[in-house]
$ cat entry.cif   # mmCIF, C-alpha atoms and all ligand atoms
data_start
#
loop_
_atom_site.group_PDB
_atom_site.id
_atom_site.type_symbol
_atom_site.label_atom_id
_atom_site.label_comp_id
_atom_site.auth_asym_id
_atom_site.auth_seq_id
_atom_site.Cartn_x
_atom_site.Cartn_y
_atom_site.Cartn_z
ATOM 1 C CA MET A 294 -146.072 69.277 -88.287
ATOM 2 C CA GLY A 295 -142.280 69.095 -88.284
ATOM 3 C CA ARG A 296 -140.112 72.181 -88.289
ATOM 4 C CA GLY A 297 -136.805 71.727 -90.030
ATOM 5 C CA VAL A 298 -133.681 73.674 -90.854
ATOM 6 C CA ALA A 299 -131.513 72.713 -93.818
ATOM 7 C CA ARG A 300 -128.090 74.186 -94.467
ATOM 8 C CA VAL A 301 -128.051 74.906 -98.192
ATOM 9 C CA ARG A 302 -126.140 77.424 -100.327
ATOM 10 C CA GLY A 303 -124.531 78.986 -97.259
ATOM 11 C CA ILE A 304 -127.723 79.687 -95.291
ATOM 12 C CA GLU A 305 -129.954 77.794 -92.874
ATOM 13 C CA VAL A 306 -133.328 77.551 -94.584
ATOM 14 C CA ALA A 307 -136.205 77.107 -92.105
ATOM 15 C CA TYR A 308 -139.192 75.107 -93.294
ATOM 16 C CA ASP A 309 -142.273 73.209 -92.165
ATOM 17 C CA ASP A 310 -142.711 69.640 -93.337
ATOM 18 C CA ALA A 311 -146.023 67.872 -92.740
ATOM 19 C CA GLY A 312 -147.835 64.766 -93.978
ATOM 20 C CA GLY A 313 -146.569 62.229 -96.493
ATOM 21 C CA GLY A 314 -146.882 61.158 -100.117
ATOM 22 C CA GLU A 315 -146.574 63.436 -103.132
ATOM 23 C CA ALA A 316 -144.619 66.619 -102.274
ATOM 24 C CA PHE A 317 -146.473 69.945 -102.363
ATOM 25 C CA VAL A 318 -144.316 73.046 -101.850
ATOM 26 C CA LEU A 319 -145.885 76.329 -100.736
ATOM 27 C CA LEU A 320 -144.005 79.620 -101.252
ATOM 28 C CA HIS A 321 -145.103 82.683 -99.294
ATOM 29 C CA GLY A 322 -145.493 86.275 -100.458
ATOM 30 C CA PHE A 323 -143.860 89.543 -99.358
ATOM 31 C CA PRO A 324 -143.226 90.499 -96.583
ATOM 32 C CA PHE A 325 -144.662 87.363 -95.044
ATOM 33 C CA ASP A 326 -143.382 84.004 -93.886
ATOM 34 C CA ARG A 327 -144.329 80.334 -94.071
ATOM 35 C CA SER A 328 -146.903 80.692 -91.295
ATOM 36 C CA MET A 329 -149.272 82.209 -93.887
ATOM 37 C CA TRP A 330 -149.848 78.647 -95.168
ATOM 38 C CA GLY A 331 -151.060 77.220 -91.830
ATOM 39 C CA GLU A 332 -154.609 76.388 -92.979
ATOM 40 C CA GLN A 333 -153.429 75.003 -96.322
ATOM 41 C CA SER A 334 -150.775 72.758 -94.704
ATOM 42 C CA GLU A 335 -153.329 71.380 -92.307
ATOM 43 C CA VAL A 336 -155.732 70.364 -95.076
ATOM 44 C CA LEU A 337 -153.236 69.262 -97.738
ATOM 45 C CA SER A 338 -151.105 67.213 -95.359
ATOM 46 C CA ALA A 339 -153.965 64.685 -95.131
ATOM 47 C CA SER A 340 -152.976 63.526 -98.634
ATOM 48 C CA CYS A 341 -149.583 65.125 -99.463
ATOM 49 C CA ARG A 342 -146.205 65.927 -97.979
ATOM 50 C CA VAL A 343 -146.427 69.704 -97.544
ATOM 51 C CA ILE A 344 -143.141 71.615 -97.471
ATOM 52 C CA ALA A 345 -143.319 75.346 -96.705
ATOM 53 C CA PRO A 346 -139.975 77.168 -96.499
ATOM 54 C CA ASP A 347 -139.233 80.683 -95.322
ATOM 55 C CA LEU A 348 -137.689 82.352 -98.348
ATOM 56 C CA ARG A 349 -134.222 83.913 -98.081
ATOM 57 C CA GLY A 350 -134.203 86.993 -95.826
ATOM 58 C CA LEU A 351 -137.757 86.458 -94.512
ATOM 59 C CA GLY A 352 -139.250 84.543 -91.594
ATOM 60 C CA GLU A 353 -136.583 82.483 -89.876
ATOM 61 C CA THR A 354 -134.340 82.145 -92.931
ATOM 62 C CA PRO A 355 -131.374 84.532 -92.945
ATOM 63 C CA LEU A 356 -130.420 86.729 -95.860
ATOM 64 C CA GLY A 357 -126.920 85.329 -96.213
ATOM 65 C CA ASP A 358 -123.618 87.085 -96.707
ATOM 66 C CA GLY A 359 -124.276 88.192 -100.283
ATOM 67 C CA GLY A 360 -127.211 90.337 -99.106
ATOM 68 C CA ALA A 361 -129.245 89.549 -102.246
ATOM 69 C CA ALA A 362 -132.741 88.045 -102.249
ATOM 70 C CA THR A 363 -133.529 87.818 -105.941
ATOM 71 C CA MET A 364 -136.099 85.434 -107.397
ATOM 72 C CA ASP A 365 -133.129 83.592 -108.985
ATOM 73 C CA GLU A 366 -131.480 83.084 -105.578
ATOM 74 C CA MET A 367 -134.757 81.933 -104.062
ATOM 75 C CA ALA A 368 -135.403 79.452 -106.898
ATOM 76 C CA GLU A 369 -131.897 78.019 -106.494
ATOM 77 C CA ASP A 370 -132.399 77.832 -102.709
ATOM 78 C CA LEU A 371 -135.579 75.833 -103.269
ATOM 79 C CA ALA A 372 -133.859 73.385 -105.621
ATOM 80 C CA ALA A 373 -131.115 72.855 -103.021
ATOM 81 C CA LEU A 374 -133.676 72.448 -100.236
ATOM 82 C CA LEU A 375 -135.553 69.809 -102.260
ATOM 83 C CA ASP A 376 -132.252 68.023 -102.918
ATOM 84 C CA ALA A 377 -131.534 68.048 -99.183
ATOM 85 C CA LEU A 378 -135.016 66.641 -98.497
ATOM 86 C CA ARG A 379 -134.598 64.065 -101.289
ATOM 87 C CA VAL A 380 -137.594 65.373 -103.193
ATOM 88 C CA GLU A 381 -137.106 65.083 -106.936
ATOM 89 C CA ARG A 382 -140.426 66.515 -108.112
ATOM 90 C CA ALA A 383 -143.187 68.499 -106.415
ATOM 91 C CA VAL A 384 -146.417 70.350 -106.955
ATOM 92 C CA LEU A 385 -145.303 73.963 -106.612
ATOM 93 C CA GLY A 386 -147.586 76.659 -105.245
ATOM 94 C CA GLY A 387 -146.762 80.309 -104.669
ATOM 95 C CA LEU A 388 -148.674 83.413 -103.691
ATOM 96 C CA SER A 389 -147.630 86.744 -105.184
ATOM 97 C CA MET A 390 -143.828 86.922 -104.664
ATOM 98 C CA GLY A 391 -143.985 83.156 -104.096
ATOM 99 C CA GLY A 392 -145.514 82.941 -107.579
ATOM 100 C CA TYR A 393 -142.622 84.989 -109.032
ATOM 101 C CA VAL A 394 -140.265 82.414 -107.481
ATOM 102 C CA ALA A 395 -142.394 79.539 -108.820
ATOM 103 C CA PHE A 396 -142.101 80.949 -112.376
ATOM 104 C CA GLU A 397 -138.333 81.217 -111.996
ATOM 105 C CA PHE A 398 -138.130 77.689 -110.589
ATOM 106 C CA PHE A 399 -140.175 76.335 -113.515
ATOM 107 C CA ARG A 400 -137.920 78.183 -115.988
ATOM 108 C CA ARG A 401 -134.807 76.576 -114.473
ATOM 109 C CA PHE A 402 -136.091 73.148 -113.420
ATOM 110 C CA PRO A 403 -139.223 72.326 -115.447
ATOM 111 C CA ARG A 404 -138.883 68.590 -114.877
ATOM 112 C CA ARG A 405 -138.997 69.053 -111.115
ATOM 113 C CA VAL A 406 -142.490 70.583 -111.276
ATOM 114 C CA ARG A 407 -145.390 68.129 -111.144
ATOM 115 C CA ALA A 408 -148.053 70.875 -111.253
ATOM 116 C CA LEU A 409 -148.345 74.604 -110.502
ATOM 117 C CA VAL A 410 -150.570 76.661 -108.242
ATOM 118 C CA LEU A 411 -150.303 80.402 -108.946
ATOM 119 C CA ALA A 412 -152.170 82.523 -106.417
ATOM 120 C CA ASP A 413 -152.585 86.312 -106.567
ATOM 121 C CA THR A 414 -149.544 86.687 -108.776
ATOM 122 C CA ARG A 415 -148.554 87.830 -112.259
ATOM 123 C CA PRO A 416 -145.859 87.068 -114.832
ATOM 124 C CA GLN A 417 -145.004 90.662 -115.815
ATOM 125 C CA ALA A 418 -141.883 92.417 -114.549
ATOM 126 C CA ASP A 419 -142.161 95.740 -112.717
ATOM 127 C CA THR A 420 -142.595 98.960 -114.642
ATOM 128 C CA ASP A 421 -139.919 101.659 -114.248
ATOM 129 C CA GLU A 422 -142.208 103.457 -111.829
ATOM 130 C CA GLY A 423 -142.767 100.221 -109.888
ATOM 131 C CA ARG A 424 -138.987 99.752 -109.589
ATOM 132 C CA ARG A 425 -138.552 103.298 -108.309
ATOM 133 C CA THR A 426 -141.237 102.716 -105.670
ATOM 134 C CA ARG A 427 -139.564 99.439 -104.620
ATOM 135 C CA GLU A 428 -136.247 101.276 -104.121
ATOM 136 C CA GLU A 429 -137.932 104.060 -102.124
ATOM 137 C CA ASN A 430 -139.628 101.424 -99.964
ATOM 138 C CA ALA A 431 -136.361 99.524 -99.507
ATOM 139 C CA GLN A 432 -134.669 102.687 -98.278
ATOM 140 C CA LYS A 433 -137.655 103.514 -96.091
ATOM 141 C CA VAL A 434 -137.682 100.146 -94.286
ATOM 142 C CA LEU A 435 -133.918 100.299 -93.747
ATOM 143 C CA ARG A 436 -134.280 103.814 -92.282
ATOM 144 C CA ASP A 437 -137.599 103.649 -90.403
ATOM 145 C CA GLY A 438 -138.272 99.931 -89.868
ATOM 146 C CA MET A 439 -141.285 97.941 -91.103
ATOM 147 C CA ARG A 440 -144.105 99.907 -89.465
ATOM 148 C CA PRO A 441 -144.657 102.713 -92.008
ATOM 149 C CA LEU A 442 -144.674 100.189 -94.887
ATOM 150 C CA VAL A 443 -147.054 97.918 -92.993
ATOM 151 C CA ASP A 444 -149.402 100.823 -92.214
ATOM 152 C CA SER A 445 -149.530 101.945 -95.842
ATOM 153 C CA THR A 446 -149.746 98.439 -97.378
ATOM 154 C CA LEU A 447 -152.009 96.458 -95.078
ATOM 155 C CA PRO A 448 -155.292 98.091 -96.174
ATOM 156 C CA LYS A 449 -154.541 97.205 -99.815
ATOM 157 C CA LEU A 450 -153.811 93.553 -99.052
ATOM 158 C CA LEU A 451 -157.185 92.707 -97.527
ATOM 159 C CA SER A 452 -160.741 93.120 -98.794
ATOM 160 C CA ALA A 453 -163.139 95.523 -97.100
ATOM 161 C CA SER A 454 -165.092 92.587 -95.687
ATOM 162 C CA THR A 455 -161.922 91.065 -94.195
ATOM 163 C CA ARG A 456 -160.845 94.422 -92.748
ATOM 164 C CA GLU A 457 -164.255 95.071 -91.223
ATOM 165 C CA GLY A 458 -165.386 91.563 -90.298
ATOM 166 C CA SER A 459 -162.217 89.655 -89.382
ATOM 167 C CA PRO A 460 -160.049 91.653 -86.960
ATOM 168 C CA ASP A 461 -158.174 88.436 -86.072
ATOM 169 C CA VAL A 462 -157.041 88.060 -89.691
ATOM 170 C CA VAL A 463 -156.010 91.733 -89.839
ATOM 171 C CA GLU A 464 -153.917 91.328 -86.674
ATOM 172 C CA ARG A 465 -152.372 88.069 -87.856
ATOM 173 C CA VAL A 466 -151.249 89.663 -91.127
ATOM 174 C CA ARG A 467 -150.047 92.844 -89.406
ATOM 175 C CA SER A 468 -147.897 90.973 -86.891
ATOM 176 C CA MET A 469 -146.439 88.697 -89.579
ATOM 177 C CA MET A 470 -145.415 91.795 -91.580
ATOM 178 C CA LEU A 471 -144.054 93.662 -88.551
ATOM 179 C CA ALA A 472 -141.914 90.640 -87.684
ATOM 180 C CA ALA A 473 -140.032 90.884 -91.004
ATOM 181 C CA ARG A 474 -136.429 92.060 -90.666
ATOM 182 C CA PRO A 475 -135.820 95.332 -92.542
ATOM 183 C CA GLU A 476 -132.620 94.035 -94.212
ATOM 184 C CA GLY A 477 -134.452 90.979 -95.549
ATOM 185 C CA ALA A 478 -137.489 92.996 -96.639
ATOM 186 C CA ALA A 479 -135.305 95.561 -98.443
ATOM 187 C CA ALA A 480 -133.395 92.786 -100.211
ATOM 188 C CA ALA A 481 -136.654 91.125 -101.321
ATOM 189 C CA LEU A 482 -137.998 94.473 -102.593
ATOM 190 C CA ARG A 483 -134.827 94.945 -104.644
ATOM 191 C CA GLY A 484 -135.019 91.314 -105.762
ATOM 192 C CA MET A 485 -138.606 91.736 -106.993
ATOM 193 C CA ALA A 486 -137.614 94.947 -108.787
ATOM 194 C CA THR A 487 -135.029 93.089 -110.875
ATOM 195 C CA ARG A 488 -137.130 90.013 -111.614
ATOM 196 C CA ARG A 489 -137.465 88.723 -115.136
ATOM 197 C CA ASP A 490 -140.597 89.169 -117.211
ATOM 198 C CA GLN A 491 -142.041 85.641 -117.383
ATOM 199 C CA THR A 492 -144.826 86.330 -119.888
ATOM 200 C CA GLU A 493 -143.156 84.326 -122.653
ATOM 201 C CA LEU A 494 -142.791 81.371 -120.273
ATOM 202 C CA LEU A 495 -146.568 80.897 -119.990
ATOM 203 C CA PRO A 496 -147.155 78.998 -123.255
ATOM 204 C CA ARG A 497 -144.269 76.683 -122.292
ATOM 205 C CA ILE A 498 -145.946 75.610 -119.064
ATOM 206 C CA ASP A 499 -146.991 72.036 -119.765
ATOM 207 C CA VAL A 500 -148.060 70.863 -116.318
ATOM 208 C CA PRO A 501 -151.537 71.043 -114.733
ATOM 209 C CA THR A 502 -151.976 74.587 -113.431
ATOM 210 C CA LEU A 503 -154.422 76.088 -110.962
ATOM 211 C CA ILE A 504 -154.697 79.875 -110.796
ATOM 212 C CA LEU A 505 -156.403 81.479 -107.811
ATOM 213 C CA VAL A 506 -157.157 85.144 -107.324
ATOM 214 C CA GLY A 507 -159.074 87.186 -104.794
ATOM 215 C CA ALA A 508 -161.983 88.805 -106.635
ATOM 216 C CA GLU A 509 -161.020 92.140 -104.995
ATOM 217 C CA ASP A 510 -157.256 91.878 -105.453
ATOM 218 C CA THR A 511 -155.984 95.274 -106.643
ATOM 219 C CA ILE A 512 -152.247 94.420 -106.402
ATOM 220 C CA THR A 513 -152.345 91.493 -108.843
ATOM 221 C CA PRO A 514 -155.888 91.924 -110.159
ATOM 222 C CA PRO A 515 -158.168 89.250 -111.634
ATOM 223 C CA SER A 516 -157.422 90.621 -115.125
ATOM 224 C CA ASP A 517 -153.780 89.443 -114.696
ATOM 225 C CA SER A 518 -154.993 85.993 -113.692
ATOM 226 C CA GLU A 519 -157.404 85.848 -116.635
ATOM 227 C CA ALA A 520 -154.525 86.681 -118.989
ATOM 228 C CA MET A 521 -152.370 83.980 -117.369
ATOM 229 C CA ALA A 522 -155.173 81.429 -117.677
ATOM 230 C CA ALA A 523 -155.587 82.285 -121.360
ATOM 231 C CA ASN A 524 -151.887 81.648 -122.001
ATOM 232 C CA ILE A 525 -151.276 78.474 -119.978
ATOM 233 C CA LYS A 526 -152.705 75.442 -121.723
ATOM 234 C CA GLY A 527 -155.511 73.821 -119.734
ATOM 235 C CA ALA A 528 -155.135 76.154 -116.723
ATOM 236 C CA ARG A 529 -158.043 76.303 -114.301
ATOM 237 C CA LEU A 530 -158.930 79.726 -112.852
ATOM 238 C CA VAL A 531 -160.732 80.151 -109.529
ATOM 239 C CA ARG A 532 -161.890 83.563 -108.266
ATOM 240 C CA VAL A 533 -162.062 83.703 -104.488
ATOM 241 C CA GLU A 534 -165.031 85.895 -103.606
ATOM 242 C CA GLY A 535 -164.720 88.251 -100.652
ATOM 243 C CA ALA A 536 -160.908 88.174 -100.752
ATOM 244 C CA ALA A 537 -158.316 90.657 -101.983
ATOM 245 C CA HIS A 538 -154.565 89.913 -102.302
ATOM 246 C CA LEU A 539 -154.194 87.397 -99.443
ATOM 247 C CA SER A 540 -156.894 85.062 -100.674
ATOM 248 C CA ASN A 541 -155.549 81.979 -98.836
ATOM 249 C CA VAL A 542 -155.587 83.754 -95.463
ATOM 250 C CA GLU A 543 -158.807 85.705 -96.027
ATOM 251 C CA ARG A 544 -160.934 82.845 -97.367
ATOM 252 C CA PRO A 545 -159.141 79.615 -96.458
ATOM 253 C CA GLY A 546 -162.284 77.495 -96.898
ATOM 254 C CA GLU A 547 -162.787 78.383 -100.580
ATOM 255 C CA PHE A 548 -159.079 78.440 -101.275
ATOM 256 C CA ASN A 549 -158.574 74.996 -99.758
ATOM 257 C CA ARG A 550 -161.539 73.502 -101.603
ATOM 258 C CA ALA A 551 -159.948 74.544 -104.889
ATOM 259 C CA LEU A 552 -156.574 73.097 -103.813
ATOM 260 C CA VAL A 553 -158.045 69.786 -102.686
ATOM 261 C CA ASP A 554 -160.056 69.435 -105.935
ATOM 262 C CA PHE A 555 -156.941 70.200 -107.953
ATOM 263 C CA VAL A 556 -154.777 67.685 -106.080
ATOM 264 C CA GLY A 557 -157.515 65.043 -106.372
ATOM 265 C CA GLY A 558 -157.600 65.610 -110.149
ATOM 266 C CA LEU A 559 -153.815 65.160 -110.441
ATOM 267 C CA SER A 560 -153.886 61.492 -109.474
ATOM 268 C CA LYS A 561 -156.409 60.893 -112.282
ATOM 269 C CA VAL A 562 -154.127 62.392 -114.959
ATOM 270 C CA ASP A 563 -151.054 60.329 -113.991
HETATM 271 C C1 LIG B 1 -146.553 89.981 -102.348
HETATM 272 O O1 LIG B 1 -147.632 89.804 -101.759
HETATM 273 O O2 LIG B 1 -145.701 89.088 -102.409
HETATM 274 C C2 LIG B 1 -146.275 91.320 -102.968
HETATM 275 O O3 LIG B 1 -147.442 92.082 -103.030
HETATM 276 C C3 LIG B 1 -145.690 91.167 -104.346
HETATM 277 C C4 LIG B 1 -145.347 92.466 -104.987
HETATM 278 O O4 LIG B 1 -145.168 93.475 -104.286
HETATM 279 O O5 LIG B 1 -145.211 92.503 -106.227
#
$ encode --input "entry.cif" --output "structure tokens"
Amino acid sequence: MGRGVARVRGIEVAYDDAGGGEAFVLLHGFPFDRSMWGEQSEVLSASCRVIAPDLRGLGETPLGDGGAATMDEMAEDLAALLDALRVERAVLGGLSMGGYVAFEFFRRFPRRVRALVLADTRPQADTDEGRRTREENAQKVLRDGMRPLVDSTLPKLLSASTREGSPDVVERVRSMMLAARPEGAAAALRGMATRRDQTELLPRIDVPTLILVGAEDTITPPSDSEAMAANIKGARLVRVEGAAHLSNVERPGEFNRALVDFVGGLSKVD
């Protein structure tokens, strides 16, 4: 797998680039980084070119002088990264916050999206209470660092069976979250708080769409995914049993099977 850095829009965007053929972009959630896609890159790169960037402010990608990490900024960063990599059109997959960015990217650049994968995400904007909690959390990470947020959030991200039966997964997720820089995490929290409601975009999605959700996800629950599937023409919905919010990390085998099936089906609908 190649690691790259592209200077776009005033920042150095770090990304992984593996395999060849049709481009498949993977966008991570919050407060994670591109390493969360390790198992998916390995499997998909047998048949696709897999590009996984660190989103602005997270992983190895800096926040930039403006200090903002909105979904709009991240979608524009991705378009510029794809330009730099000479990729015109890609299958676009995002988990949770990565899904919010994927919606925004589709809104702005629909012709650049070959197909969509929406994992453990939702189209709705935050409620007023949700926005207040984001701001409290942003202030908390800037004041106290990542640890208190990680301690309070981690149990909700993973299913009981992952927490009890897969200590390696728990530690992997914990260390990825602890490695986030507070300034970047706070900016992403504020960016998510101001994101657009994308509900009315759903009926306009006219590309093949795969929706995945952990059966025990309480952050973006299966009911949100069912509603998305009902509003996106032809969308396929896969429930990942035994997983909560980080379904790709918790149950990579099932998650990858659904991805590989979906990608295989795309060549037949060309
Ligand atoms: C994520 O995993 O990206 C976050 O849970 C998204 C959110 O907080 O809305």
$ axis_aligned_box --input "entry.cif" --around "ligand LIG 1 (chain B)" --padding-each-side "6 Å" --output "AutoDock Vina command-line options"
--center_x -146.4 --center_y 91.3 --center_z -104.0 --size_x 14.5 --size_y 16.4 --size_z 16.5
$ residues_near_ligand --input "entry.cif" --ligand "ligand LIG 1 (chain B)" --cutoff "6 Å" --atoms "all atoms listed in the file" --output "list in words"
Gly322, Phe323, Ser389 and Met390 of chain A
$ resolve_selection --input "entry.cif" --expression "the PyMOL selection byres (((chain A and resi 552) around 12) and not hetatm)" --output "VMD selection string"
chain A and resid 317 319 332 to 334 336 to 338 340 to 341 384 to 386 408 to 412 502 to 505 529 to 531 533 541 545 to 551 553 to 559
$ resolve_selection --input "entry.cif" --expression "the PyMOL selection byres (((chain A and resi 476-493) around 10) and not hetatm)" --output "PyMOL selection string"
chain A and resi 323-325+348-352+354-357+360-367+390+393-394+396-397+400+415-421+423-435+438-439+470+473-475+494-498+520-521+524
$ closest_residue --input "entry.cif" --among "A:Gly391, A:Gly297, A:Pro514, A:Pro403" --to "Ala377 in chain A" --atoms "only C-alpha atoms"
A:Gly297
$ atom_distance --input "entry.cif" --atom1 "CA of Val500 in chain A" --atom2 "CA of Val380 in chain A"
17.7 Å
$ residues_around --input "entry.cif" --residues "range 450-457 of chain A" --least-positions-apart "5" --cutoff "8 Å" --atoms "only C-alpha atoms" --output "number ranges by chain"
A: 462-463, 509-510, 512, 535-539, 543
$ build_atoms --input "entry.cif" --residues "range 522-551 of chain A" --atoms "N, CA and C atoms" --output "compact mmCIF listing (two decimals), keeping the file's coordinate frame"
# COMPACT_ATOMS: atom_id res chain seq x y z
N ALA A 522 -154.38 82.64 -117.37
CA ALA A 522 -155.17 81.43 -117.68
C ALA A 522 -155.31 81.26 -119.19
N ALA A 523 -155.42 82.38 -119.90
CA ALA A 523 -155.59 82.28 -121.36
C ALA A 523 -154.31 81.81 -122.04
N ASN A 524 -153.17 81.98 -121.37
CA ASN A 524 -151.89 81.65 -122.00
C ASN A 524 -151.23 80.38 -121.49
N ILE A 525 -151.83 79.74 -120.47
CA ILE A 525 -151.28 78.47 -119.98
C ILE A 525 -152.27 77.38 -120.37
N LYS A 526 -151.80 76.46 -121.17
CA LYS A 526 -152.71 75.44 -121.72
C LYS A 526 -153.40 74.66 -120.61
N GLY A 527 -154.73 74.64 -120.67
CA GLY A 527 -155.51 73.82 -119.73
C GLY A 527 -155.61 74.39 -118.32
N ALA A 528 -155.11 75.61 -118.10
CA ALA A 528 -155.14 76.15 -116.72
C ALA A 528 -156.57 76.33 -116.23
N ARG A 529 -156.74 76.08 -114.94
CA ARG A 529 -158.04 76.30 -114.30
C ARG A 529 -157.95 77.58 -113.47
N LEU A 530 -158.94 78.45 -113.59
CA LEU A 530 -158.93 79.73 -112.85
C LEU A 530 -160.06 79.74 -111.84
N VAL A 531 -159.72 80.05 -110.58
CA VAL A 531 -160.73 80.15 -109.53
C VAL A 531 -160.66 81.55 -108.92
N ARG A 532 -161.80 82.25 -108.93
CA ARG A 532 -161.89 83.56 -108.27
C ARG A 532 -162.38 83.33 -106.85
N VAL A 533 -161.67 83.89 -105.89
CA VAL A 533 -162.06 83.70 -104.49
C VAL A 533 -162.85 84.94 -104.07
N GLU A 534 -164.15 84.76 -103.93
CA GLU A 534 -165.03 85.90 -103.61
C GLU A 534 -164.77 86.38 -102.19
N GLY A 535 -164.87 87.69 -102.00
CA GLY A 535 -164.72 88.25 -100.65
C GLY A 535 -163.27 88.43 -100.22
N ALA A 536 -162.34 88.05 -101.10
CA ALA A 536 -160.91 88.17 -100.75
C ALA A 536 -160.25 89.20 -101.66
N ALA A 537 -159.14 89.77 -101.15
CA ALA A 537 -158.32 90.66 -101.98
C ALA A 537 -157.01 89.91 -102.29
N HIS A 538 -155.86 90.48 -101.87
CA HIS A 538 -154.56 89.91 -102.30
C HIS A 538 -154.15 88.67 -101.51
N LEU A 539 -154.62 88.55 -100.26
CA LEU A 539 -154.19 87.40 -99.44
C LEU A 539 -155.31 86.36 -99.39
N SER A 540 -155.68 85.88 -100.57
CA SER A 540 -156.89 85.06 -100.67
C SER A 540 -156.82 83.80 -99.81
N ASN A 541 -155.64 83.23 -99.63
CA ASN A 541 -155.55 81.98 -98.84
C ASN A 541 -155.79 82.23 -97.36
N VAL A 542 -155.41 83.42 -96.88
CA VAL A 542 -155.59 83.75 -95.46
C VAL A 542 -157.00 84.31 -95.23
N GLU A 543 -157.50 85.07 -96.20
CA GLU A 543 -158.81 85.70 -96.03
C GLU A 543 -159.96 84.72 -96.16
N ARG A 544 -159.85 83.81 -97.11
CA ARG A 544 -160.93 82.84 -97.37
C ARG A 544 -160.36 81.43 -97.49
N PRO A 545 -159.81 80.92 -96.37
CA PRO A 545 -159.14 79.61 -96.46
C PRO A 545 -160.08 78.48 -96.89
N GLY A 546 -161.35 78.57 -96.54
CA GLY A 546 -162.28 77.50 -96.90
C GLY A 546 -162.37 77.33 -98.41
N GLU A 547 -162.66 78.45 -99.11
CA GLU A 547 -162.79 78.38 -100.58
C GLU A 547 -161.46 78.05 -101.23
N PHE A 548 -160.41 78.66 -100.71
CA PHE A 548 -159.08 78.44 -101.28
C PHE A 548 -158.72 76.95 -101.16
N ASN A 549 -158.95 76.40 -99.98
CA ASN A 549 -158.57 75.00 -99.76
C ASN A 549 -159.42 74.04 -100.59
N ARG A 550 -160.69 74.37 -100.77
CA ARG A 550 -161.54 73.50 -101.60
C ARG A 550 -160.96 73.40 -103.02
N ALA A 551 -160.52 74.55 -103.54
CA ALA A 551 -159.95 74.54 -104.89
C ALA A 551 -158.66 73.73 -104.92
